[in-house]
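Colleague: Have a look at the structure that comes next, please.
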Amino acid sequence: MNAKRILLILLTLCLLIPLAACGDENVTDVTDTEEATTEAVKALGPLLIKDGALAFSIIRSSDASQALVTEASKLNKLLREIVGGQTSFSEDFITRNTADNDNPEILIGATNRPESSEKLKELSTGDWFVGMSGPKILIIGGNDNSTVEAVEYFIECINSAFEAVDEAGKAAVTLDFLTEDKVYKKEYSSRVIQIAGTSLSEYSIHYASDSDCISLKSTLISTISDVCGVELASIPSTKTAENNREICIGTVAKRELSSTFDKELSGTLPYSVNCREGILYLNGKGLWGLTAAVNVFIDSIQNGTDIPEGFSKSGDAYGTAIFGLTEGADIRIMSNNVWKCDSNQTAWKEKGEDCSAASRAPALAAYYIAFKPDIINFQEMSNVMITLILKEMSNAGLNYKKLTAYPTEADDTPIVYNADTLKMIDNGHHLYSYGNNGNSKGYHWALFEHKATGTRFLDLSTHLWWKSESAEPGSDSYRERQANEIVALSEKLIAQYNCPMVIQGDLNTTTGTQAYKNLLNGNFVDCQKIAVSADNTRGHHQCSPEGYSTSLYSGNYSDTAIDHTLIKNRGDWKILCFRQTTVDFYWRLSDHIPMYIDVQFN
């Protein structure tokens with residue numbers, strides 16, 4: 001960067017005090033000489049960058065999240081490039097003994113400086129502020145996420161100022177964004193509720209140490225922040241809170257009542273919510289029950305409904321929607337091989353169990369209701385079973401429709417979709433003419449339109465030949481040919497409809513086989529590999545005419561999974577999550593754990 005260009009950039013970085021002396025009468029045309037440019041700079045008053053160096057130290061909160069650390073480093077890098085050398089950039093703990101000072105500093109986030117602390121009191125979690133406080137520039141938000149937005153704003157303003165500088169040096173551009181404060185105020189959907197007469201903002205979350213409670217604690221903190229603009233602190237089970245303003249999730253070691261409420265739970269997926277002596281207890285059996293309890297509290301938060309002392313609510317989450325879409329997602333697409341078995345088997349009868357369709361259908365429906373997918377791609381699905389499942393889902397008030405080739409031909413790969421969210425445009429069914437047994441191996445495809453956005457996409461459910469090469473030579477070849485048939489169909493359909501295509505199903509093949517590679521060579525991508533968050537479980541266990549196990553086979557998705565979800569021509573689609581979730585009652589239902597993806601269109 002030549003000397004003239006550096007000085008022109010310096011010219012754009014004027015700030016700190018209202019620039020009363022910078023009216024039009026004081027800004028002269030800049031000539032092509034270094035002396036004239038320097039005089040113009042002097043006329044503009046105190047500078048952020050002076051004599052080729054940053055006139056401020058940059059101080060970042062030592063407790064900053066990784067996202068804020070990254071953003072602060074981005075700002076520092078930009079300023080280093082401008083001055084052409086090093087800047088003073090440190091965390092606040094390094095200079096903790098001089099927290100109260102009159103030094104020119106850029107304070108990023110909730111630093112230990114009194115200026116940061118005072119401004120933070122004025123901000124809700126989604127608010128942010130960029131402006132002056134005495135000799136300091138404050139860049140701060142109600143939490144680290146909003147502070148990131150504030151830093152992004154600061155960077156954008158600096159970059160805009162650069163762009164406004166004329167190469168010929170005719171413009172003397174000041175940074176208006178610091179001549180007056182920039183305050184962003186987020187609008188929240190609900191007020192801050194009260195628990196036992198005390199504001200939610202005074203509470204902390206006391207959580208049990210298992211992974212389910214830790215996950216739900218994070219969800220609750222995020223929800224309260226988004227809905228009410230309050231960020232609560234959290235306390236692990238083994239520590240004692242300073243007061244009784246607690247929301248306890250699960251069995252908290254330091255709170256005896258939380259254990260008592262857990263012991264009182266009864267049912268398939270029981271949960272309870274209780275408020276005693278100002279403490280709110282959220283209890284439930286396993287992840288599903290705990291999630292139901294947390295959802296009761298979240299409903300109160302979203303509706304702005306206070307929780308009174310003595311509040312008590314309990315129930316069974318079985319057969320109710322529990323797990324909503326991932327934040328930002330537009331649709332959920334699920335796949336499930338349900339084990340085609342309509343009648344009870346001898347080994348099951350001898351154990352006092354029942355594996356008939358009539359026995360398993362209500363529990364399978366309960367699983368689908370809990371996740372409420374927009375699409376369910378089935379394999380090994382009988383007409384008897386799907387009829388029973390849809391009846392259960394209808395009784396729960398859901399509007400699901402089926403796409404099946406029954407009764408004209410066998411179709412073990414039907415598709416069920418939520419008619420409230422999707423419109424079916426076209427569909428087709430095909431049975432493989434080889435590598436088939438009982439007409440169970442084939443595919444069903446459909447073109448859907450998402451009603452809310454008008455987005456169109458293709459969906460396909462398939463089941464490939466099942467035997468291993470050692471059990472029946474030629475089996476690998478069957479699957480390879482069937483994979484190629486899917487690729488050929490995808491090329492035809494995408495050429496016709498020009499939209500993304502998702503395929504799901506029991507491919508009876510792992511990621512290392514040629515059949516799987518044929519799909520990748522056909523430009524399909526494995527959704528588990530590209531998901532923002534993904535399970536890596538095998539999703540398969542023993543459930544057959546001989547009985548069932550209550551644990552998954554060893555291995556993981558990457559090496560031994562046979563159920564897969566792939567996508568082609570995805571464009572701007574983002575796979576937010578890939579999940580295979582089980583629960584106690586599921587083990588007897590099928591040997592395949594349902595898998596699903598949550599998709600954001602753009």
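Chain labels follow the order of the structure tokens: the first chain is A, the next B, and so on; residue numbering restarts at 1 in every chain, and ligands are counted from 1 in their shown order.
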Could you pull out all residues of stretch 492-528 of chain A with a DSSP call of alpha helix (DSSP H) and give them as a PyMOL selection string?
Modeller: chain A and resi 492-497+514-521+527-528
Colleague: Report as a list in words all protein, DNA and RNA residues lying within 8 Å of stretch 64-67 of chain A, evaluated on only C-alpha atoms, omitting residues in the same chain fewer than 6 positions from it.
Modeller: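 Close residues of stretch 64-67 of chain A: Gly109, Asp144, Asn145 and Val148 of chain A.
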Colleague: Write a file of the selected residues as a PDB file, in the first residue's frame, keeping N, CA and C atoms.
Modeller:
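Done, and the output landed in result-v7.pdb:
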ATOM      1  N   GLY A 109     -17.080  -6.859  24.242  1.00  0.00           N
ATOM      2  CA  GLY A 109     -17.779  -7.801  25.112  1.00  0.00           C
ATOM      3  C   GLY A 109     -17.842  -7.332  26.555  1.00  0.00           C
ATOM      4  N   ASP A 144     -22.760 -13.027  24.164  1.00  0.00           N
ATOM      5  CA  ASP A 144     -21.675 -13.085  23.182  1.00  0.00           C
ATOM      6  C   ASP A 144     -22.189 -13.116  21.747  1.00  0.00           C
ATOM      7  N   ASN A 145     -23.359 -13.746  21.523  1.00  0.00           N
ATOM      8  CA  ASN A 145     -23.901 -13.798  20.164  1.00  0.00           C
ATOM      9  C   ASN A 145     -24.241 -12.401  19.646  1.00  0.00           C
ATOM     10  N   VAL A 148     -21.128 -10.400  18.920  1.00  0.00           N
ATOM     11  CA  VAL A 148     -20.591 -10.728  17.589  1.00  0.00           C
ATOM     12  C   VAL A 148     -21.244  -9.838  16.536  1.00  0.00           C
TER      13      VAL A 148
END
Colleague: Hey, which of A:Pro308, A:Gly474, A:Pro545, A:Pro407 ends up closest to A:Thr346? Count only C-alpha atoms.
Modeller: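 Using only C-alpha atoms, A:Thr346 sits closest to A:Pro545.
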Colleague: According to DSSP computed on the backbone, where in stretch 154-335 of chain A is there strand (DSSP E)? Give the residues as number ranges by chain.
Modeller: A: 182-184, 194-195, 198-199, 204-207, 233-236, 246-249, 270-276, 279-284, 312-316, 331-335
Colleague: Report as a PyMOL selection string all protein, DNA and RNA residues lying within 7 Å of A:Val83, evaluated on only C-alpha atoms, omitting residues in the same chain fewer than 3 positions from it.
Modeller: chain A and resi 52-54+79-80
Colleague: What does the distance between atom CA of A:Ser266 and atom CA of A:Lys313 come to in Å, to one decimal place?
Modeller: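 If I compute the distance from atom CA of A:Ser266 to atom CA of A:Lys313, I get 13.4 Å.
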Colleague: Within 7 Å of stretch 380-386 of chain A, counting only C-alpha atoms, which residues qualify if same-chain residues fewer than 3 places away don't, as a list in words?
Modeller: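 The residues that qualify are Asn337, Val338, Trp339, Lys340, Asp342, Ala357, Ala361, Ile389, Leu390, Asp412, Thr413 and Ser440 of chain A.
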Colleague: I'd like the contact shell of stretch 590-600 of chain A - 8 Å cut-off, only C-alpha atoms, skipping same-chain residues fewer than 6 positions apart - returned as an MDAnalysis selection string.
Modeller: chainID A and resid 325:326 328:339 527 539:544 548 563 573:582
Colleague: For A:Ser117, which of A:Asn437, A:Gln504, A:Ser225, A:Ser61 is the closest residue, counting only C-alpha atoms?
Modeller: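 Looking at the shortest contact to A:Ser117, the residue is A:Ser61.
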Colleague: Would you work out the distance separating atom CA of A:Met501 from atom CA of A:Asn518, expressed in Å to one decimal?
Modeller: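 Distance reported for this atom pair: 16.1 Å.
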Colleague: When distances are computed from only C-alpha atoms, which of A:Val183, A:Ser272, A:His206, A:Gly315 shows the smallest separation from A:Lys254?
Modeller: A:His206
Colleague: Would you kindly return, as a PyMOL selection string, each protein, DNA or RNA residue with an atom no farther than 9 Å from any atom of stretch 298-301 of chain A, considering only C-alpha atoms and excluding same-chain residues fewer than 5 positions away?
Modeller: chain A and resi 190-193+220+223-224+227-228+293+306-307
Colleague: Produce a file of the selected residues containing C-alpha atoms, as a short mmCIF file (atom, residue, chain, number, x, y, z; two decimals), in the first residue's frame.
Modeller:
data_model
loop_
_atom_site.label_atom_id
_atom_site.label_comp_id
_atom_site.auth_asym_id
_atom_site.auth_seq_id
_atom_site.Cartn_x
_atom_site.Cartn_y
_atom_site.Cartn_z
CA SER A 190 -42.77 -12.63 25.63
CA ARG A 191 -42.27 -10.75 28.86
CA VAL A 192 -40.01 -12.06 31.65
CA ILE A 193 -42.29 -14.36 33.67
CA LEU A 220 -33.54 -23.92 28.14
CA THR A 223 -34.90 -20.45 24.71
CA ILE A 224 -35.15 -18.05 27.66
CA VAL A 227 -37.92 -15.37 24.06
CA CYS A 228 -37.39 -13.11 27.09
CA ALA A 293 -41.20 -31.52 31.40
CA ASP A 306 -46.23 -17.05 35.49
CA ILE A 307 -45.52 -20.21 37.54
#
Colleague: For A:Ala561, which residue among A:Ile235, A:Leu589, A:Ile415, A:Leu507 is the nearest when counting only C-alpha atoms?
Modeller: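 For A:Ala561, the nearest of the given residues is A:Leu507.
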Colleague: If we count only C-alpha atoms, what is near A:Glu353 at a cut-off of 12 Å, once residues fewer than 2 positions away on the same chain are taken out, given as a PDB file with C-alpha atoms, in the first residue's frame?
Modeller:
ATOM      1  CA  SER A 343     -48.729 -61.807  13.254  1.00  0.00           C
ATOM      2  CA  ASN A 344     -47.249 -62.870  16.587  1.00  0.00           C
ATOM      3  CA  GLN A 345     -44.372 -65.376  16.514  1.00  0.00           C
ATOM      4  CA  THR A 346     -43.964 -68.568  18.555  1.00  0.00           C
ATOM      5  CA  ALA A 347     -40.805 -67.481  20.393  1.00  0.00           C
ATOM      6  CA  TRP A 348     -42.497 -64.224  21.368  1.00  0.00           C
ATOM      7  CA  LYS A 349     -45.626 -65.985  22.607  1.00  0.00           C
ATOM      8  CA  GLU A 350     -43.511 -68.259  24.799  1.00  0.00           C
ATOM      9  CA  LYS A 351     -41.975 -65.162  26.416  1.00  0.00           C
ATOM     10  CA  CYS A 355     -44.825 -58.762  17.897  1.00  0.00           C
ATOM     11  CA  SER A 356     -47.944 -58.577  15.734  1.00  0.00           C
ATOM     12  CA  SER A 359     -49.414 -54.772  19.036  1.00  0.00           C
ATOM     13  CA  ARG A 360     -46.541 -52.781  17.553  1.00  0.00           C
ATOM     14  CA  PRO A 545     -39.030 -63.938  15.110  1.00  0.00           C
ATOM     15  CA  GLU A 546     -36.669 -65.226  17.846  1.00  0.00           C
ATOM     16  CA  GLY A 547     -36.973 -62.118  20.041  1.00  0.00           C
ATOM     17  CA  TYR A 548     -35.186 -58.800  20.523  1.00  0.00           C
ATOM     18  CA  ARG A 588     -39.414 -54.565  20.530  1.00  0.00           C
ATOM     19  CA  LEU A 589     -40.740 -52.663  17.523  1.00  0.00           C
TER      20      LEU A 589
END
